[in-house]
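**Student:** Mind looking over this structure? Questions follow.
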Amino acid sequence: MVKVSLKDGSVREYTKGTTLLDIAKDISGRLGKEALVASVDGKLVDLTAPLDHDAAVEFFTFDSEEGRQVFRHSTSHVLAQAVQKLYPGTRLAIGPAIAGGFYYDFDSPETFTPEKLAKIEAEMENIIKADLPFKRAAMSRQESLDMFQKAGEEYKVELINDLPEEAAISCYSQGDFTDLCAGPHVPSTGRLKALKLTHLAGAYWRGNEKNKMLQRIYGTSFPKKSMLEEHLFRIEEAKRRDHRKLGAELDLFSLQEEGPGFPFFHPKGMVLRNELESFWREEHKKAGYHEIRTPIILNRALWEQSGHWDHYRENMYFTKIDDFDYAVKPMNCPGGILIYKSSLHSYRELPIRMAELGLVHRHEMSGVLHGLMRVRNFTQDDAHIYMLPSQVKEEIIGVINLTDRIYRIFGFKYKVELSTKPEKAIGSDEIWEMATASLEDALRTVGMEFRVNEGDGAFYGPKIDFHLEDCLGRTWQCGTIQLDFQMPELFDLNYVGEDGQKHRPVMIHRTIFGSIERFIGILIEHFAGAFPAWLAPVQAIVLPITGRHLDYAREVAARLDASGVRVQLDDRNEKVNYKIREAQNQKIPYMLVLGDREAENGTASVRHRSKGDLGARPVVDFIRDISAEINTRQC
RNA sequence: GCCGCUAUAGCUCAGUAGGUAGAGCGCAUCCUUGGUAAGGAUGAGGUCACCGGUUCAAAUCCGGUUAGCGGCUCCA
């Protein structure tokens, strides 16, 4: 007999050699059905494995990360089997589970197309219906090499050769298909109820662009059809909210062939942008920042001094002026530093907080451009804080609080990460420790939860990153706070201390929106284009029912306009229904329907884009309420 | 940059045995004066992304360029 201790603390006894699957079934019929994989003393193993010693056992269903990973990984094997059956001669690379699904990379004479995906999917369904068991076979290095060499699976051979000497090598088979794999897998293909191949992409063997480009097929799978449908619905919803589509529909911005990656902001997009910027200015002024603006083009010597000429060159744009080399700025800091250096500073002045909405240009590879999310020029809501070492903690707390205040207005939840010293870093361990400790100390002081990202800091200093979570649960890295030890040295920054001597100030580099352009993209998707009134390009639209009501409509529109409300008048010769439909599609927060009754009483019938008809109200009341909504920046 | 796919009217898209272009929406004009998500009629609008080739003839076939889309890599 073997003793099995379970997660809940209970201990059960089984005959030696009982499989984990049988144990799961014994615990409960439901667990027997839902368990996908188990861990024995913390190590993940197949459910089909027999248990031959006393152990701590845990079962994982699709509800756990472990269960999902195994489930998707098994699905990727089924994908590989289907592809090799339909397209003989296809060689296999790798096929892991990823967040939300799985993929498999193939090297095939066949070019896969979306139509072929449907065929492959059908073949996968057959394999699942056949309910083939996944069988594990441990083998020696030589055995496995012989086998894959014979099968012409060069990628697998390469993988085996790269495995460490002591590695245990195993293969998994289902039906007549065998793949090199450490496992574990679900017991049989029948577990993989609902699947969908979602898209195709090229991918380099081992992610290295010097290697051969393979064809990657992405897919996802779930134990229930309904779960798959919900997942696909979320993807559809994300597509429906795509900022590129909404940006065009709402006439906010465009991208033109004449300037790939250089977005054009239309009048409505500019309203949104200006609102964001004035909110930003307001908050920064309150937080004691001074706004500056530095030039877009600066000479070569500056970029040599800052290190960009050596380290960031491939991302920069260059030009010549009167035979001298200049660069278009990819970052704002060197310019900002010149302002700091333009005068002598006393310790009494510190901290100095200088903020800049700085337009930077970075050369991105053509293939990565994506709407407003990845562009070649964007506006950083940058700021640099120069301070005494003793002020670091307090300043960081100030930035954290400011960031929190700004994100909160949009209703964003966010997560914080602290990134520590990377392998390649400059500066002594001592300075790093002190700096990292002050970031951590600041986070703890404000009671902020955070995750530590070991070794992910910038080479010049540790950093705190803010990851926004939008309404679809996607995260976006926006804000960042970085301690920078390099620039003050490179630029020989000083302040005069109490002792009358020169000292080196400490510098923080930080953003909150990150990139205004990208933040706008995130907002578009987060709100699905239905911006809160304070951000909406048009806040209210006046809809006269007939031509007879035009005069009254003009008067109402003028009153709103005079009160600072962004109002539009739809004076076209159309029916109200038609006008409402269009206003609704433009996601205008308030519609004011005006007819005989309203003209007579000095009222407006208010319709809200999501709350519907709110009934007739005196125009003054409406102006008062919408103004309050706008001024308090309600979401 | 690389791999794959795509490019027809402002937008969404039709247009296969190569024979000089079509719909709906939008726009303009007219009719209709209509109370909470599409009233009707008429009309304008395209050197079919660009360059080159094959052909008597190219939106359609071939090559190249550019841009977009999905990824790889990187990052705000």
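Chain identifiers are assigned as A, B, and so on, following the order in which chains appear in the structure tokens; residues are numbered from 1 within each chain, and ligands are numbered from 1 in order of appearance.
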Using only C-alpha atoms (C1' of nucleotides) and a distance of at most 9 Å, pull out the residues of chain B that contact chain A, as a short mmCIF file (atom, residue, chain, number, x, y, z; two decimals) with all heavy atoms, in the first residue's frame.
**Tutor:**
```
data_model
loop_
_atom_site.label_atom_id
_atom_site.label_comp_id
_atom_site.auth_asym_id
_atom_site.auth_seq_id
_atom_site.Cartn_x
_atom_site.Cartn_y
_atom_site.Cartn_z
P G B 1 11.33 47.44 -43.97
OP1 G B 1 11.24 47.60 -45.34
OP2 G B 1 11.40 48.34 -42.89
"O5'" G B 1 12.17 46.12 -43.62
"C5'" G B 1 13.54 46.01 -43.95
"C4'" G B 1 14.08 44.80 -43.24
"O4'" G B 1 13.93 45.00 -41.82
"C3'" G B 1 13.34 43.50 -43.51
"O3'" G B 1 13.84 42.88 -44.68
"C2'" G B 1 13.65 42.68 -42.27
"O2'" G B 1 14.96 42.14 -42.33
"C1'" G B 1 13.63 43.76 -41.18
N9 G B 1 12.32 43.89 -40.53
C8 G B 1 11.45 44.94 -40.65
N7 G B 1 10.36 44.79 -39.95
C5 G B 1 10.52 43.55 -39.32
C6 G B 1 9.67 42.84 -38.44
O6 G B 1 8.56 43.20 -38.01
N1 G B 1 10.21 41.62 -38.06
C2 G B 1 11.42 41.14 -38.48
N2 G B 1 11.78 39.95 -38.03
N3 G B 1 12.23 41.79 -39.31
C4 G B 1 11.73 42.98 -39.69
P C B 2 12.88 42.07 -45.67
OP1 C B 2 13.65 41.67 -46.85
OP2 C B 2 11.62 42.83 -45.81
"O5'" C B 2 12.57 40.75 -44.82
"C5'" C B 2 13.61 39.82 -44.55
"C4'" C B 2 13.06 38.71 -43.70
"O4'" C B 2 12.73 39.23 -42.39
"C3'" C B 2 11.75 38.10 -44.18
"O3'" C B 2 11.98 37.13 -45.18
"C2'" C B 2 11.18 37.50 -42.91
"O2'" C B 2 11.82 36.29 -42.58
"C1'" C B 2 11.58 38.56 -41.88
N1 C B 2 10.51 39.55 -41.66
C2 C B 2 9.50 39.23 -40.75
O2 C B 2 9.52 38.13 -40.19
N3 C B 2 8.51 40.13 -40.52
C4 C B 2 8.52 41.30 -41.15
N4 C B 2 7.53 42.15 -40.90
C5 C B 2 9.54 41.65 -42.08
C6 C B 2 10.51 40.76 -42.30
P C B 3 10.92 36.96 -46.39
OP1 C B 3 11.57 36.13 -47.41
OP2 C B 3 10.36 38.28 -46.74
"O5'" C B 3 9.78 36.10 -45.70
"C5'" C B 3 10.01 34.74 -45.36
"C4'" C B 3 8.79 34.18 -44.68
"O4'" C B 3 8.60 34.87 -43.41
"C3'" C B 3 7.47 34.41 -45.40
"O3'" C B 3 7.26 33.47 -46.43
"C2'" C B 3 6.47 34.25 -44.26
"O2'" C B 3 6.29 32.90 -43.94
"C1'" C B 3 7.22 34.94 -43.12
N1 C B 3 6.83 36.37 -42.99
C2 C B 3 5.66 36.67 -42.28
O2 C B 3 5.00 35.73 -41.79
N3 C B 3 5.27 37.96 -42.14
C4 C B 3 6.01 38.93 -42.68
N4 C B 3 5.59 40.18 -42.52
C5 C B 3 7.19 38.65 -43.42
C6 C B 3 7.58 37.37 -43.54
P G B 4 6.42 33.89 -47.73
OP1 G B 4 6.54 32.78 -48.69
OP2 G B 4 6.78 35.27 -48.11
"O5'" G B 4 4.92 33.92 -47.17
"C5'" G B 4 4.27 32.71 -46.83
"C4'" G B 4 2.97 33.02 -46.15
"O4'" G B 4 3.22 33.79 -44.95
"C3'" G B 4 2.00 33.91 -46.92
"O3'" G B 4 1.30 33.18 -47.91
"C2'" G B 4 1.11 34.41 -45.81
"O2'" G B 4 0.20 33.42 -45.40
"C1'" G B 4 2.13 34.66 -44.70
N9 G B 4 2.60 36.05 -44.72
C8 G B 4 3.78 36.55 -45.23
N7 G B 4 3.88 37.84 -45.09
C5 G B 4 2.70 38.22 -44.46
C6 G B 4 2.24 39.50 -44.05
O6 G B 4 2.79 40.60 -44.17
N1 G B 4 0.99 39.42 -43.45
C2 G B 4 0.28 38.27 -43.27
N2 G B 4 -0.91 38.40 -42.68
N3 G B 4 0.69 37.07 -43.64
C4 G B 4 1.91 37.12 -44.22
P C B 5 0.78 33.96 -49.23
OP1 C B 5 0.26 32.94 -50.16
OP2 C B 5 1.83 34.91 -49.67
"O5'" C B 5 -0.45 34.83 -48.69
"C5'" C B 5 -1.62 34.18 -48.19
"C4'" C B 5 -2.51 35.19 -47.52
"O4'" C B 5 -1.77 35.86 -46.47
"C3'" C B 5 -2.98 36.35 -48.41
"O3'" C B 5 -4.08 36.00 -49.22
"C2'" C B 5 -3.34 37.39 -47.36
"O2'" C B 5 -4.57 37.10 -46.74
"C1'" C B 5 -2.22 37.20 -46.34
N1 C B 5 -1.09 38.12 -46.59
C2 C B 5 -1.23 39.45 -46.20
O2 C B 5 -2.29 39.79 -45.65
N3 C B 5 -0.22 40.31 -46.41
C4 C B 5 0.90 39.90 -47.01
N4 C B 5 1.86 40.80 -47.19
C5 C B 5 1.07 38.55 -47.43
C6 C B 5 0.06 37.70 -47.21
P C B 11 -12.26 54.77 -47.75
OP1 C B 11 -11.02 54.48 -47.01
OP2 C B 11 -12.42 54.28 -49.14
"O5'" C B 11 -13.49 54.22 -46.89
"C5'" C B 11 -13.51 54.39 -45.47
"C4'" C B 11 -14.74 53.69 -44.91
"O4'" C B 11 -15.93 54.28 -45.51
"C3'" C B 11 -14.84 52.22 -45.28
"O3'" C B 11 -14.13 51.42 -44.36
"C2'" C B 11 -16.34 51.96 -45.24
"O2'" C B 11 -16.79 51.79 -43.91
"C1'" C B 11 -16.89 53.27 -45.77
N1 C B 11 -17.16 53.25 -47.22
C2 C B 11 -18.28 52.55 -47.67
O2 C B 11 -18.99 51.95 -46.84
N3 C B 11 -18.56 52.53 -48.99
C4 C B 11 -17.77 53.17 -49.85
N4 C B 11 -18.09 53.12 -51.14
C5 C B 11 -16.62 53.88 -49.41
C6 C B 11 -16.34 53.90 -48.10
P U B 33 -45.16 66.89 -45.20
OP1 U B 33 -46.55 66.70 -44.73
OP2 U B 33 -44.78 68.09 -45.95
"O5'" U B 33 -44.18 66.80 -43.95
"C5'" U B 33 -44.37 65.83 -42.93
"C4'" U B 33 -43.78 66.37 -41.63
"O4'" U B 33 -42.43 66.82 -41.90
"C3'" U B 33 -44.52 67.59 -41.06
"O3'" U B 33 -44.55 67.54 -39.64
"C2'" U B 33 -43.67 68.77 -41.48
"O2'" U B 33 -43.73 69.84 -40.57
"C1'" U B 33 -42.27 68.15 -41.45
N1 U B 33 -41.31 68.84 -42.33
C2 U B 33 -40.31 69.59 -41.73
O2 U B 33 -40.20 69.68 -40.53
N3 U B 33 -39.47 70.23 -42.59
C4 U B 33 -39.50 70.19 -43.96
O4 U B 33 -38.67 70.82 -44.60
C5 U B 33 -40.58 69.40 -44.53
C6 U B 33 -41.42 68.76 -43.70
P G B 34 -45.52 66.57 -38.90
OP1 G B 34 -46.63 66.18 -39.78
OP2 G B 34 -45.78 67.19 -37.58
"O5'" G B 34 -44.57 65.32 -38.64
"C5'" G B 34 -45.10 64.00 -38.69
"C4'" G B 34 -43.97 63.02 -38.75
"O4'" G B 34 -43.03 63.47 -39.73
"C3'" G B 34 -43.18 62.92 -37.45
"O3'" G B 34 -43.72 61.91 -36.63
"C2'" G B 34 -41.79 62.51 -37.93
"O2'" G B 34 -41.72 61.13 -38.14
"C1'" G B 34 -41.70 63.21 -39.29
N9 G B 34 -40.96 64.47 -39.22
C8 G B 34 -40.89 65.38 -38.21
N7 G B 34 -40.14 66.41 -38.50
C5 G B 34 -39.68 66.16 -39.79
C6 G B 34 -38.85 66.91 -40.63
O6 G B 34 -38.30 68.00 -40.40
N1 G B 34 -38.66 66.28 -41.84
C2 G B 34 -39.21 65.10 -42.20
N2 G B 34 -38.91 64.67 -43.41
N3 G B 34 -39.99 64.37 -41.42
C4 G B 34 -40.19 64.96 -40.25
P G B 35 -43.89 62.18 -35.11
OP1 G B 35 -45.21 61.75 -34.66
OP2 G B 35 -43.40 63.54 -34.83
"O5'" G B 35 -42.94 61.04 -34.57
"C5'" G B 35 -41.91 61.02 -34.26
"C4'" G B 35 -41.19 61.08 -32.97
"O4'" G B 35 -41.05 62.46 -32.58
"C3'" G B 35 -41.81 60.35 -31.81
"O3'" G B 35 -40.76 59.69 -31.11
"C2'" G B 35 -42.37 61.47 -30.94
"O2'" G B 35 -42.28 61.15 -29.56
"C1'" G B 35 -41.38 62.59 -31.23
N9 G B 35 -41.95 63.92 -30.99
C8 G B 35 -42.95 64.53 -31.67
N7 G B 35 -43.22 65.73 -31.22
C5 G B 35 -42.33 65.89 -30.17
C6 G B 35 -42.15 66.98 -29.30
O6 G B 35 -42.75 68.06 -29.29
N1 G B 35 -41.15 66.74 -28.38
C2 G B 35 -40.42 65.58 -28.31
N2 G B 35 -39.50 65.53 -27.34
N3 G B 35 -40.57 64.55 -29.11
C4 G B 35 -41.54 64.78 -30.01
P U B 36 -41.04 58.14 -30.60
OP1 U B 36 -41.75 57.41 -31.67
OP2 U B 36 -41.60 58.22 -29.23
"O5'" U B 36 -39.57 57.56 -30.48
"C5'" U B 36 -38.70 57.57 -31.63
"C4'" U B 36 -37.28 57.51 -31.14
"O4'" U B 36 -36.94 58.77 -30.53
"C3'" U B 36 -37.06 56.43 -30.08
"O3'" U B 36 -35.75 55.93 -30.26
"C2'" U B 36 -37.11 57.23 -28.78
"O2'" U B 36 -36.37 56.64 -27.75
"C1'" U B 36 -36.46 58.53 -29.23
N1 U B 36 -36.80 59.70 -28.41
C2 U B 36 -35.82 60.16 -27.54
O2 U B 36 -34.75 59.63 -27.43
N3 U B 36 -36.16 61.27 -26.82
C4 U B 36 -37.34 61.95 -26.87
O4 U B 36 -37.50 62.95 -26.17
C5 U B 36 -38.31 61.42 -27.78
C6 U B 36 -38.01 60.34 -28.50
P A B 37 -35.49 54.45 -30.84
OP1 A B 37 -36.67 54.05 -31.62
OP2 A B 37 -34.98 53.60 -29.76
"O5'" A B 37 -34.25 54.73 -31.81
"C5'" A B 37 -34.38 55.55 -32.96
"C4'" A B 37 -33.51 54.96 -34.04
"O4'" A B 37 -32.16 54.88 -33.54
"C3'" A B 37 -33.88 53.54 -34.45
"O3'" A B 37 -33.50 53.37 -35.80
"C2'" A B 37 -32.98 52.68 -33.59
"O2'" A B 37 -32.68 51.43 -34.14
"C1'" A B 37 -31.73 53.54 -33.56
N9 A B 37 -30.90 53.32 -32.37
C8 A B 37 -31.24 53.48 -31.07
N7 A B 37 -30.27 53.20 -30.24
C5 A B 37 -29.22 52.82 -31.07
C6 A B 37 -27.91 52.40 -30.82
N6 A B 37 -27.42 52.29 -29.59
N1 A B 37 -27.14 52.09 -31.86
C2 A B 37 -27.64 52.22 -33.09
N3 A B 37 -28.86 52.61 -33.46
C4 A B 37 -29.61 52.89 -32.39
P A B 38 -34.62 52.74 -36.83
OP1 A B 38 -35.94 52.90 -36.23
OP2 A B 38 -34.15 51.41 -37.22
"O5'" A B 38 -34.52 53.69 -38.09
"C5'" A B 38 -33.63 54.80 -38.11
"C4'" A B 38 -33.53 55.32 -39.53
"O4'" A B 38 -32.24 54.95 -40.04
"C3'" A B 38 -34.52 54.72 -40.52
"O3'" A B 38 -34.61 55.58 -41.64
"C2'" A B 38 -33.84 53.45 -40.94
"O2'" A B 38 -34.23 52.97 -42.19
"C1'" A B 38 -32.40 53.96 -41.02
N9 A B 38 -31.39 52.94 -40.76
C8 A B 38 -31.45 51.84 -39.95
N7 A B 38 -30.35 51.14 -39.94
C5 A B 38 -29.51 51.84 -40.80
C6 A B 38 -28.20 51.62 -41.23
N6 A B 38 -27.48 50.60 -40.81
N1 A B 38 -27.67 52.49 -42.09
C2 A B 38 -28.41 53.52 -42.48
N3 A B 38 -29.65 53.84 -42.16
C4 A B 38 -30.16 52.95 -41.31
P G B 39 -35.58 56.74 -41.83
OP1 G B 39 -34.77 57.94 -42.08
OP2 G B 39 -36.55 56.65 -40.70
"O5'" G B 39 -36.32 56.39 -43.21
"C5'" G B 39 -37.36 55.43 -43.26
"C4'" G B 39 -38.39 55.87 -44.27
"O4'" G B 39 -38.80 57.22 -43.95
"C3'" G B 39 -37.86 56.00 -45.70
"O3'" G B 39 -37.82 54.75 -46.37
"C2'" G B 39 -38.89 56.94 -46.30
"O2'" G B 39 -40.10 56.27 -46.56
"C1'" G B 39 -39.09 57.92 -45.14
N9 G B 39 -38.20 59.06 -45.26
C8 G B 39 -37.11 59.39 -44.49
N7 G B 39 -36.51 60.48 -44.89
C5 G B 39 -37.25 60.90 -46.00
C6 G B 39 -37.09 62.02 -46.85
O6 G B 39 -36.22 62.90 -46.81
N1 G B 39 -38.06 62.06 -47.84
C2 G B 39 -39.06 61.13 -47.99
N2 G B 39 -39.90 61.32 -49.00
N3 G B 39 -39.24 60.07 -47.20
C4 G B 39 -38.30 60.03 -46.23
P U B 66 9.41 48.91 -50.78
OP1 U B 66 10.49 49.58 -50.04
OP2 U B 66 9.13 47.47 -50.54
"O5'" U B 66 8.05 49.71 -50.56
"C5'" U B 66 8.01 51.12 -50.77
"C4'" U B 66 6.58 51.60 -50.71
"O4'" U B 66 5.81 50.99 -51.79
"C3'" U B 66 5.81 51.20 -49.47
"O3'" U B 66 6.10 52.03 -48.36
"C2'" U B 66 4.37 51.35 -49.94
"O2'" U B 66 4.00 52.71 -50.03
"C1'" U B 66 4.47 50.78 -51.36
N1 U B 66 4.19 49.34 -51.40
C2 U B 66 2.84 48.96 -51.41
O2 U B 66 1.93 49.77 -51.40
N3 U B 66 2.62 47.61 -51.44
C4 U B 66 3.58 46.62 -51.45
O4 U B 66 3.23 45.45 -51.48
C5 U B 66 4.93 47.09 -51.42
C6 U B 66 5.18 48.40 -51.40
P A B 67 6.05 51.44 -46.88
OP1 A B 67 6.64 52.46 -46.00
OP2 A B 67 6.60 50.07 -46.88
"O5'" A B 67 4.49 51.33 -46.57
"C5'" A B 67 3.69 52.50 -46.48
"C4'" A B 67 2.23 52.11 -46.51
"O4'" A B 67 1.95 51.42 -47.75
"C3'" A B 67 1.80 51.11 -45.43
"O3'" A B 67 1.55 51.74 -44.20
"C2'" A B 67 0.54 50.52 -46.06
"O2'" A B 67 -0.54 51.43 -45.96
"C1'" A B 67 0.97 50.43 -47.52
N9 A B 67 1.55 49.11 -47.82
C8 A B 67 2.87 48.77 -47.90
N7 A B 67 3.07 47.50 -48.18
C5 A B 67 1.79 46.97 -48.28
C6 A B 67 1.32 45.68 -48.55
N6 A B 67 2.11 44.64 -48.79
N1 A B 67 -0.02 45.48 -48.58
C2 A B 67 -0.82 46.54 -48.33
N3 A B 67 -0.49 47.81 -48.07
C4 A B 67 0.85 47.96 -48.06
P G B 70 -3.57 43.19 -36.77
OP1 G B 70 -4.51 43.26 -35.63
OP2 G B 70 -2.35 44.01 -36.78
"O5'" G B 70 -3.13 41.68 -36.97
"C5'" G B 70 -4.11 40.66 -37.09
"C4'" G B 70 -3.42 39.33 -37.22
"O4'" G B 70 -2.85 39.22 -38.54
"C3'" G B 70 -2.23 39.15 -36.29
"O3'" G B 70 -2.65 38.78 -34.99
"C2'" G B 70 -1.44 38.05 -37.01
"O2'" G B 70 -2.03 36.79 -36.79
"C1'" G B 70 -1.65 38.45 -38.48
N9 G B 70 -0.54 39.27 -38.99
C8 G B 70 -0.44 40.64 -38.96
N7 G B 70 0.68 41.08 -39.49
C5 G B 70 1.34 39.93 -39.89
C6 G B 70 2.60 39.75 -40.53
O6 G B 70 3.40 40.61 -40.88
N1 G B 70 2.90 38.41 -40.74
C2 G B 70 2.08 37.37 -40.39
N2 G B 70 2.52 36.14 -40.68
N3 G B 70 0.90 37.51 -39.80
C4 G B 70 0.60 38.81 -39.58
P G B 71 -1.71 39.08 -33.74
OP1 G B 71 -2.50 38.78 -32.54
OP2 G B 71 -1.05 40.39 -33.89
"O5'" G B 71 -0.63 37.95 -33.93
"C5'" G B 71 0.69 38.16 -33.52
"C4'" G B 71 1.53 37.09 -34.17
"O4'" G B 71 1.48 37.26 -35.61
"C3'" G B 71 3.01 37.18 -33.82
"O3'" G B 71 3.26 36.48 -32.62
"C2'" G B 71 3.66 36.54 -35.02
"O2'" G B 71 3.58 35.13 -34.96
"C1'" G B 71 2.76 37.05 -36.17
N9 G B 71 3.24 38.32 -36.72
C8 G B 71 2.67 39.56 -36.55
N7 G B 71 3.33 40.51 -37.17
C5 G B 71 4.40 39.86 -37.77
C6 G B 71 5.44 40.36 -38.56
O6 G B 71 5.65 41.52 -38.91
N1 G B 71 6.32 39.36 -38.95
C2 G B 71 6.19 38.03 -38.63
N2 G B 71 7.13 37.21 -39.10
N3 G B 71 5.21 37.54 -37.88
C4 G B 71 4.36 38.51 -37.49
P C B 72 4.34 37.02 -31.59
OP1 C B 72 4.27 36.17 -30.40
OP2 C B 72 4.20 38.48 -31.46
"O5'" C B 72 5.70 36.73 -32.36
"C5'" C B 72 6.13 35.39 -32.55
"C4'" C B 72 7.43 35.39 -33.30
"O4'" C B 72 7.22 35.96 -34.61
"C3'" C B 72 8.53 36.26 -32.70
"O3'" C B 72 9.23 35.56 -31.68
"C2'" C B 72 9.41 36.54 -33.90
"O2'" C B 72 10.24 35.43 -34.19
"C1'" C B 72 8.38 36.67 -35.02
N1 C B 72 8.00 38.07 -35.28
C2 C B 72 8.84 38.85 -36.08
O2 C B 72 9.87 38.34 -36.54
N3 C B 72 8.50 40.14 -36.33
C4 C B 72 7.39 40.64 -35.82
N4 C B 72 7.10 41.92 -36.09
C5 C B 72 6.52 39.87 -34.99
C6 C B 72 6.86 38.60 -34.75
P U B 73 9.51 36.23 -30.28
OP1 U B 73 10.23 35.24 -29.46
OP2 U B 73 8.25 36.82 -29.78
"O5'" U B 73 10.50 37.42 -30.64
"C5'" U B 73 11.91 37.22 -30.76
"C4'" U B 73 12.55 38.48 -31.25
"O4'" U B 73 11.82 38.92 -32.43
"C3'" U B 73 12.46 39.67 -30.29
"O3'" U B 73 13.47 39.65 -29.31
"C2'" U B 73 12.60 40.85 -31.26
"O2'" U B 73 13.94 41.02 -31.65
"C1'" U B 73 11.79 40.34 -32.45
N1 U B 73 10.38 40.79 -32.36
C2 U B 73 10.11 42.07 -32.81
O2 U B 73 10.96 42.81 -33.26
N3 U B 73 8.79 42.45 -32.71
C4 U B 73 7.75 41.70 -32.20
O4 U B 73 6.63 42.19 -32.17
C5 U B 73 8.12 40.39 -31.74
C6 U B 73 9.39 40.00 -31.84
P C B 74 13.13 40.16 -27.83
OP1 C B 74 14.33 39.92 -27.01
OP2 C B 74 11.83 39.60 -27.40
"O5'" C B 74 12.94 41.73 -28.02
"C5'" C B 74 14.06 42.56 -28.28
"C4'" C B 74 13.59 43.92 -28.70
"O4'" C B 74 12.58 43.78 -29.74
"C3'" C B 74 12.86 44.76 -27.64
"O3'" C B 74 13.76 45.41 -26.77
"C2'" C B 74 12.08 45.73 -28.51
"O2'" C B 74 12.92 46.75 -29.01
"C1'" C B 74 11.64 44.83 -29.65
N1 C B 74 10.30 44.26 -29.39
C2 C B 74 9.19 45.07 -29.67
O2 C B 74 9.38 46.21 -30.11
N3 C B 74 7.95 44.59 -29.43
C4 C B 74 7.78 43.36 -28.95
N4 C B 74 6.55 42.92 -28.74
C5 C B 74 8.90 42.51 -28.66
C6 C B 74 10.13 43.01 -28.89
P C B 75 13.37 45.56 -25.22
OP1 C B 75 14.56 46.12 -24.55
OP2 C B 75 12.77 44.30 -24.73
"O5'" C B 75 12.23 46.67 -25.22
"C5'" C B 75 12.54 48.04 -25.11
"C4'" C B 75 11.50 48.86 -25.81
"O4'" C B 75 10.76 47.99 -26.71
"C3'" C B 75 10.40 49.46 -24.93
"O3'" C B 75 10.82 50.68 -24.35
"C2'" C B 75 9.28 49.67 -25.94
"O2'" C B 75 9.52 50.81 -26.74
"C1'" C B 75 9.41 48.43 -26.82
N1 C B 75 8.53 47.32 -26.42
C2 C B 75 7.14 47.51 -26.50
O2 C B 75 6.69 48.59 -26.89
N3 C B 75 6.32 46.48 -26.16
C4 C B 75 6.83 45.33 -25.75
N4 C B 75 5.98 44.36 -25.43
C5 C B 75 8.23 45.12 -25.63
C6 C B 75 9.03 46.13 -25.98
P A B 76 10.22 51.17 -22.94
OP1 A B 76 11.24 52.02 -22.34
OP2 A B 76 9.73 49.98 -22.24
"O5'" A B 76 8.94 52.05 -23.30
"C5'" A B 76 8.38 52.89 -22.31
"C4'" A B 76 6.97 53.24 -22.74
"O4'" A B 76 7.02 54.10 -23.90
"C3'" A B 76 6.16 52.04 -23.19
"O3'" A B 76 5.54 51.41 -22.10
"C2'" A B 76 5.16 52.66 -24.17
"O2'" A B 76 4.06 53.15 -23.51
"C1'" A B 76 5.97 53.80 -24.78
N9 A B 76 6.52 53.43 -26.09
C8 A B 76 7.72 52.82 -26.35
N7 A B 76 7.94 52.64 -27.63
C5 A B 76 6.80 53.15 -28.23
C6 A B 76 6.42 53.26 -29.58
N6 A B 76 7.17 52.83 -30.60
N1 A B 76 5.22 53.83 -29.86
C2 A B 76 4.48 54.25 -28.83
N3 A B 76 4.73 54.20 -27.53
C4 A B 76 5.93 53.64 -27.30
#
```
**Student:** Quick one: residues within 12 Å of G63 (chain B), only C-alpha atoms (C1' of nucleotides) counted, chain neighbours fewer than 6 positions away excluded, as a ChimeraX atom specification?
**Tutor:** /B:51-54
**Student:** Suppose you want the space between CA of Gln81 (chain A) and CA of Ser39 (chain A); what is it in Å?
**Tutor:** 26.7 Å
**Student:** List as a list in words the protein and nucleic acid residues near A23 (chain B), meaning an atom at most 12 Å away when only C-alpha atoms (C1' of nucleotides) are counted, but skip any in the same chain fewer than 3 places from it.
**Tutor:**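 Non-adjacent residues within range: A9, U12, C13, A14 and G15 of chain B.
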**Student:** Using only C-alpha atoms (C1' of nucleotides), please write the residues we just selected to a file, as a tab-separated table (two decimals), in the first residue's frame.
**Tutor:**
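Output saved as selection-v9.tsv:
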```tsv
chain	number	residue	atom	x	y	z
B	9	A	C1'	-16.11	54.70	-54.90
B	12	U	C1'	-18.21	47.78	-46.15
B	13	C	C1'	-17.72	44.68	-50.05
B	14	A	C1'	-19.44	42.02	-55.26
B	15	G	C1'	-16.89	41.42	-59.80
```
**Student:** Can you list, as a VMD selection string, all residues belonging to region 338-463 of chain A that DSSP tags as helix (DSSP H, G or I)?
**Tutor:** chain A and resid 338 to 341 366 to 368 389 to 409 429 to 445
**Student:** I want to know what sits within 12 Å of Ala238 (chain A), based on only C-alpha atoms (C1' of nucleotides), with residues of the same chain fewer than 3 positions away left out; could you give that as a list in words?
**Tutor:**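 Final neighbour list, sorted by chain and number: His231, Leu232, Phe233, Arg234, Ile235, Arg241, Asp242, His243, Arg244, Lys245, Leu246, Asp470, Cys471, Leu472, Gly473, Arg474, Ile522, Ile524, Glu525, His526, Phe527 and Ala528 of chain A.
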**Student:** May I have the residues within 6 Å of Ala604 (chain A) as a list in words, using only C-alpha atoms (C1' of nucleotides) and disregarding those fewer than 6 positions away in the same chain?
**Tutor:**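 After dropping sequence-adjacent residues, the list is Leu592, Leu594, Glu598, Ala616, Arg617 and Val619 of chain A.
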**Student:** Find the spatial neighbours of region 271-280 of chain A, counting only C-alpha atoms (C1' of nucleotides), within a cut-off of 12 Å - ignore same-chain residues fewer than 3 positions away - and output them as a ChimeraX atom specification.
**Tutor:** /A:247,250-253,265-268,283-287,289,291,355-358,379-383,402-403,405-407,409-410,511-513,515-521,523-524,529-539,566,630-633
